[in-house]
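What follows is target.pdb (PDB, C-alpha atoms, pLDDT in the B column).
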MODEL        1
ATOM      1  CA  MET A   1      43.818 -11.850  31.305  1.00 52.00           C
ATOM      2  CA  ALA A   2      40.276 -12.725  32.423  1.00 55.00           C
ATOM      3  CA  ARG A   3      39.426  -8.998  32.534  1.00 56.00           C
ATOM      4  CA  PHE A   4      40.546  -8.583  28.937  1.00 50.00           C
ATOM      5  CA  GLY A   5      38.290 -11.489  27.855  1.00 52.00           C
ATOM      6  CA  MET A   6      35.268  -9.928  29.608  1.00 52.00           C
ATOM      7  CA  TYR A   7      36.056  -6.589  27.957  1.00 50.00           C
ATOM      8  CA  VAL A   8      36.138  -8.234  24.522  1.00 49.00           C
ATOM      9  CA  GLN A   9      32.819 -10.027  25.204  1.00 57.00           C
ATOM     10  CA  LYS A  10      31.149  -6.764  26.263  1.00 54.00           C
ATOM     11  CA  ARG A  11      32.432  -5.003  23.129  1.00 55.00           C
ATOM     12  CA  ALA A  12      31.166  -7.871  20.950  1.00 49.00           C
ATOM     13  CA  ARG A  13      27.717  -7.674  22.582  1.00 53.00           C
ATOM     14  CA  LEU A  14      27.581  -3.893  22.073  1.00 47.00           C
ATOM     15  CA  ALA A  15      28.563  -4.334  18.440  1.00 46.00           C
ATOM     16  CA  ALA A  16      25.848  -6.976  17.955  1.00 45.00           C
ATOM     17  CA  VAL A  17      23.228  -4.681  19.540  1.00 43.00           C
ATOM     18  CA  ALA A  18      24.339  -1.793  17.323  1.00 44.00           C
ATOM     19  CA  VAL A  19      24.099  -3.940  14.178  1.00 43.00           C
ATOM     20  CA  SER A  20      20.659  -5.248  15.196  1.00 44.00           C
ATOM     21  CA  ALA A  21      19.391  -1.730  15.879  1.00 40.00           C
ATOM     22  CA  SER A  22      20.647  -0.464  12.526  1.00 45.00           C
ATOM     23  CA  LEU A  23      18.969  -3.403  10.731  1.00 42.00           C
ATOM     24  CA  LEU A  24      15.663  -2.695  12.510  1.00 41.00           C
ATOM     25  CA  PHE A  25      15.930   0.996  11.594  1.00 40.00           C
ATOM     26  CA  ALA A  26      16.637   0.115   7.944  1.00 43.00           C
ATOM     27  CA  GLY A  27      13.650  -2.244   7.928  1.00 39.00           C
ATOM     28  CA  ALA A  28      11.393   0.467   9.347  1.00 34.00           C
ATOM     29  CA  GLN A  29      12.593   2.886   6.667  1.00 41.00           C
ATOM     30  CA  ALA A  30      11.899   0.300   3.954  1.00 41.00           C
ATOM     31  CA  LEU A  31       8.340  -0.180   5.255  1.00 38.00           C
ATOM     32  CA  ALA A  32       7.784   3.578   5.319  1.00 43.00           C
ATOM     33  CA  ALA A  33       9.137   3.845   1.779  1.00 56.00           C
ATOM     34  CA  GLN A  34       6.584   1.295   0.576  1.00 77.00           C
ATOM     35  CA  GLY A  35       3.675   3.649   1.210  1.00 91.00           C
ATOM     36  CA  ILE A  36       0.087   2.518   1.705  1.00 93.00           C
ATOM     37  CA  GLU A  37      -1.098  -0.668   0.019  1.00 92.00           C
ATOM     38  CA  VAL A  38      -4.797  -1.034  -0.855  1.00 92.00           C
ATOM     39  CA  VAL A  39      -6.543  -3.860  -2.698  1.00 88.00           C
ATOM     40  CA  MET A  40      -8.831  -2.745  -5.515  1.00 84.00           C
ATOM     41  CA  ASN A  41     -12.512  -2.524  -4.569  1.00 84.00           C
ATOM     42  CA  GLN A  42     -11.627  -2.739  -0.881  1.00 88.00           C
ATOM     43  CA  ALA A  43     -11.254  -0.140   1.860  1.00 93.00           C
ATOM     44  CA  LYS A  44      -8.381   0.558   4.228  1.00 94.00           C
ATOM     45  CA  ILE A  45      -8.575   2.699   7.357  1.00 95.00           C
ATOM     46  CA  VAL A  46      -5.838   5.305   7.863  1.00 94.00           C
ATOM     47  CA  LYS A  47      -5.526   6.818  11.343  1.00 94.00           C
ATOM     48  CA  LEU A  48      -3.978  10.280  11.589  1.00 93.00           C
ATOM     49  CA  ALA A  49      -1.762  11.699  14.336  1.00 93.00           C
ATOM     50  CA  ARG A  50      -3.766  14.946  14.456  1.00 93.00           C
ATOM     51  CA  PRO A  51      -6.996  16.327  12.928  1.00 94.00           C
ATOM     52  CA  ALA A  52      -7.035  16.813   9.157  1.00 93.00           C
ATOM     53  CA  ASP A  53      -8.281  19.887   7.327  1.00 93.00           C
ATOM     54  CA  THR A  54      -7.435  19.118   3.674  1.00 93.00           C
ATOM     55  CA  ILE A  55      -7.202  15.752   1.920  1.00 94.00           C
ATOM     56  CA  VAL A  56      -5.848  15.391  -1.617  1.00 94.00           C
ATOM     57  CA  ILE A  57      -5.677  12.236  -3.741  1.00 95.00           C
ATOM     58  CA  GLY A  58      -3.379  12.585  -6.755  1.00 94.00           C
ATOM     59  CA  ASN A  59      -5.479  10.433  -9.099  1.00 93.00           C
ATOM     60  CA  PRO A  60      -9.052   9.776  -7.920  1.00 92.00           C
ATOM     61  CA  ASP A  61      -9.470   7.082 -10.600  1.00 90.00           C
ATOM     62  CA  ILE A  62      -6.947   4.949  -8.659  1.00 91.00           C
ATOM     63  CA  ALA A  63      -7.972   5.647  -5.050  1.00 93.00           C
ATOM     64  CA  ASP A  64     -10.664   7.551  -3.211  1.00 94.00           C
ATOM     65  CA  ALA A  65     -10.568   8.978   0.295  1.00 94.00           C
ATOM     66  CA  SER A  66     -13.541   9.632   2.521  1.00 92.00           C
ATOM     67  CA  VAL A  67     -13.450  11.251   5.937  1.00 90.00           C
ATOM     68  CA  GLN A  68     -14.807   9.167   8.797  1.00 90.00           C
ATOM     69  CA  ASP A  69     -13.882  11.722  11.461  1.00 93.00           C
ATOM     70  CA  ALA A  70     -11.136  14.340  11.947  1.00 91.00           C
ATOM     71  CA  THR A  71      -8.441  11.713  12.534  1.00 93.00           C
ATOM     72  CA  THR A  72      -9.729   8.792  10.430  1.00 95.00           C
ATOM     73  CA  ILE A  73      -9.678   8.465   6.635  1.00 94.00           C
ATOM     74  CA  VAL A  74     -11.052   5.527   4.657  1.00 95.00           C
ATOM     75  CA  LEU A  75      -9.079   4.819   1.461  1.00 95.00           C
ATOM     76  CA  THR A  76     -10.794   2.788  -1.247  1.00 93.00           C
ATOM     77  CA  GLY A  77      -8.954   1.219  -4.181  1.00 91.00           C
ATOM     78  CA  ARG A  78     -10.824   2.177  -7.369  1.00 88.00           C
ATOM     79  CA  GLY A  79      -8.374   1.156 -10.098  1.00 84.00           C
ATOM     80  CA  PHE A  80      -4.973  -0.472 -10.038  1.00 79.00           C
ATOM     81  CA  GLY A  81      -1.900   1.730 -10.130  1.00 88.00           C
ATOM     82  CA  VAL A  82       0.008   4.209  -7.997  1.00 93.00           C
ATOM     83  CA  THR A  83      -1.115   7.613  -6.767  1.00 94.00           C
ATOM     84  CA  ASN A  84      -0.442   9.683  -3.678  1.00 95.00           C
ATOM     85  CA  LEU A  85      -2.291  10.849  -0.573  1.00 95.00           C
ATOM     86  CA  VAL A  86      -1.606  14.238   0.975  1.00 95.00           C
ATOM     87  CA  VAL A  87      -3.288  15.233   4.241  1.00 95.00           C
ATOM     88  CA  LEU A  88      -2.801  18.711   5.692  1.00 94.00           C
ATOM     89  CA  ASP A  89      -3.805  20.129   9.064  1.00 93.00           C
ATOM     90  CA  ALA A  90      -5.569  23.478   9.623  1.00 93.00           C
ATOM     91  CA  ASP A  91      -2.217  25.339   9.457  1.00 94.00           C
ATOM     92  CA  GLY A  92      -1.305  23.720   6.117  1.00 93.00           C
ATOM     93  CA  ALA A  93       1.355  21.484   7.661  1.00 94.00           C
ATOM     94  CA  PRO A  94       1.538  17.969   6.193  1.00 94.00           C
ATOM     95  CA  ILE A  95       0.269  15.105   8.340  1.00 94.00           C
ATOM     96  CA  VAL A  96       0.565  12.419   5.642  1.00 93.00           C
ATOM     97  CA  ASP A  97       2.355  12.521   2.294  1.00 95.00           C
ATOM     98  CA  GLU A  98       2.512   8.933   1.065  1.00 95.00           C
ATOM     99  CA  GLN A  99       2.357   6.880  -2.097  1.00 95.00           C
ATOM    100  CA  VAL A 100      -0.787   4.738  -2.437  1.00 95.00           C
ATOM    101  CA  PHE A 101      -0.360   1.417  -4.258  1.00 93.00           C
ATOM    102  CA  VAL A 102      -3.595  -0.153  -5.470  1.00 89.00           C
ATOM    103  CA  SER A 103      -3.361  -3.724  -6.713  1.00 84.00           C
ATOM    104  CA  ARG A 104      -5.708  -6.515  -7.622  1.00 75.00           C
ATOM    105  CA  SER A 105      -6.460  -9.282  -5.192  1.00 69.00           C
ATOM    106  CA  THR A 106      -4.412 -11.862  -7.053  1.00 65.00           C
ATOM    107  CA  ALA A 107      -4.633 -14.624  -4.472  1.00 68.00           C
ATOM    108  CA  ASN A 108      -8.241 -15.447  -5.296  1.00 73.00           C
ATOM    109  CA  SER A 109      -8.539 -14.319  -8.896  1.00 74.00           C
ATOM    110  CA  VAL A 110      -7.673 -15.846 -12.239  1.00 76.00           C
ATOM    111  CA  ARG A 111      -7.423 -14.172 -15.652  1.00 76.00           C
ATOM    112  CA  VAL A 112      -8.338 -16.319 -18.623  1.00 80.00           C
ATOM    113  CA  TYR A 113      -7.055 -15.212 -22.038  1.00 81.00           C
ATOM    114  CA  ARG A 114      -8.924 -16.532 -25.085  1.00 77.00           C
ATOM    115  CA  ARG A 115      -7.534 -15.004 -28.241  1.00 75.00           C
ATOM    116  CA  ALA A 116      -8.668 -11.377 -28.050  1.00 72.00           C
ATOM    117  CA  SER A 117     -10.909 -11.685 -24.983  1.00 74.00           C
ATOM    118  CA  VAL A 118      -9.882 -11.542 -21.340  1.00 74.00           C
ATOM    119  CA  GLN A 119     -12.047 -12.801 -18.511  1.00 75.00           C
ATOM    120  CA  THR A 120     -11.347 -12.292 -14.801  1.00 74.00           C
ATOM    121  CA  LEU A 121     -12.714 -14.934 -12.462  1.00 76.00           C
ATOM    122  CA  SER A 122     -13.055 -14.629  -8.701  1.00 73.00           C
ATOM    123  CA  CYS A 123     -12.292 -17.988  -7.117  1.00 76.00           C
ATOM    124  CA  THR A 124     -13.629 -17.905  -3.543  1.00 75.00           C
ATOM    125  CA  PRO A 125     -13.908 -20.972  -3.458  1.00 73.00           C
ATOM    126  CA  LEU A 126     -15.722 -21.581  -6.775  1.00 78.00           C
ATOM    127  CA  CYS A 127     -14.624 -19.578  -9.824  1.00 78.00           C
ATOM    128  CA  GLU A 128     -17.201 -17.179 -11.231  1.00 75.00           C
ATOM    129  CA  GLY A 129     -17.142 -13.922 -13.182  1.00 74.00           C
ATOM    130  CA  ALA A 130     -15.680 -11.108 -11.115  1.00 62.00           C
ATOM    131  CA  TYR A 131     -16.906  -7.523 -10.899  1.00 66.00           C
ATOM    132  CA  LYS A 132     -14.824  -5.222 -13.107  1.00 70.00           C
ATOM    133  CA  SER A 133     -14.328  -1.547 -12.406  1.00 69.00           C
ATOM    134  CA  ALA A 134     -14.015   0.924 -15.263  1.00 74.00           C
ATOM    135  CA  ALA A 135     -10.207   0.816 -14.872  1.00 71.00           C
ATOM    136  CA  GLU A 136     -10.171  -2.986 -15.231  1.00 71.00           C
ATOM    137  CA  GLN A 137     -12.448  -2.839 -18.270  1.00 75.00           C
ATOM    138  CA  ALA A 138     -10.148  -0.255 -19.894  1.00 78.00           C
ATOM    139  CA  SER A 139      -7.118  -2.422 -19.086  1.00 74.00           C
ATOM    140  CA  ASP A 140      -8.785  -5.469 -20.611  1.00 71.00           C
ATOM    141  CA  GLN A 141      -9.573  -3.495 -23.765  1.00 76.00           C
ATOM    142  CA  GLU A 142      -5.949  -2.324 -24.017  1.00 76.00           C
ATOM    143  CA  ILE A 143      -4.673  -5.878 -23.591  1.00 71.00           C
ATOM    144  CA  SER A 144      -7.108  -7.196 -26.162  1.00 72.00           C
ATOM    145  CA  SER A 145      -6.253  -4.519 -28.738  1.00 76.00           C
ATOM    146  CA  SER A 146      -2.488  -5.043 -28.361  1.00 71.00           C
ATOM    147  CA  GLN A 147      -2.710  -8.765 -29.144  1.00 62.00           C
TER     148      GLN A 147
ENDMDL
END
Since I need it in another form, could you write the structure as structure tokens?
Amino acid sequence: MARFGMYVQKRARLAAVAVSASLLFAGAQALAAQGIEVVMNQAKIVKLARPADTIVIGNPDIADASVQDATTIVLTGRGFGVTNLVVLDADGAPIVDEQVFVSRSTANSVRVYRRASVQTLSCTPLCEGAYKSAAEQASDQEISSSQ
């Protein structure tokens, strides 16, 4: 009877390990599905597994890529939105094919709406007028005209 109890405990442990491993794998897939997140007007370093030959950004108004060296790319958020990054090696094989999500730094910024005007303030720690890229200015104009 004691042997049967040990057998059941071992099976329960194996089942728990299998469930944990599948949850970790699902979490890793979810992170990979999220793509690359960049804050507007900031840079993010992307390290490559092998040297790049061709780099393509789907919409250069949203993100820009500059080559630091053969295995390092610097992504810069230019306007908020979603685009993609494709990096190919010398043989044309893909190294990276990911979505790039560019968002505003909302933790330290405030948008003030006054009738038809919109003002973005950077609050680090005191609130003052924030720099606006062309994409932000266009967005503000769209918001103002729709009100």
Atom pair CA of Val100 (chain A) / CA of Leu121 (chain A): separation (Å):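 About the pair CA of Val100 (chain A) and CA of Leu121 (chain A): they are 25.1 Å apart.
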Test item: the PyMOL selection byres ((chain A and resi 79) around 9) resolved as an MDAnalysis selection string: chainID A and resid 40:41 60:63 77:78 80:81 102:104 133:136
Gap from CA of Leu48 (chain A) to CA of Phe101 (chain A) - Å, one decimal: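 Computing the Euclidean distance for CA of Leu48 (chain A) and CA of Phe101 (chain A) yields 18.5 Å.
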Which of A:Asp91, A:Glu98, A:Glu37, A:Asp53 sits closest to Thr76 (chain A) [using only C-alpha atoms]: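 For Thr76 (chain A), the nearest of the given residues is A:Glu37.
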Selection result for the PyMOL selection byres ((chain A and resi 67) around 12) on this file, as a list in words: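 Output of the PyMOL selection byres ((chain A and resi 67) around 12): Lys44, Ile45, Val46, Lys47, Leu48, Pro51, Ala52, Asp53, Thr54, Ile55, Val56, Asp64, Ala65, Ser66, Gln68, Asp69, Ala70, Thr71, Thr72, Ile73, Val74, Leu75, Thr76 and Val87 of chain A.
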Separation of CA of Gln99 (chain A) from CA of Ile36 (chain A) in Å: 6.2 Å
Contacts of Leu126 (chain A) at 12 Å (all atoms listed in the file; same-chain gap of 6+ positions) as a ChimeraX atom specification: /A:108-110
For Asn59 (chain A), the nearest of the candidates A:Gly35, A:Gln42, A:Gln137, A:Leu85, counting all atoms listed in the file: A:Leu85
Residues returned when the PyMOL selection byres ((chain A and resi 143) around 12) runs on this file, as an MDAnalysis selection string: chainID A and resid 111 113:119 136:142 144:147
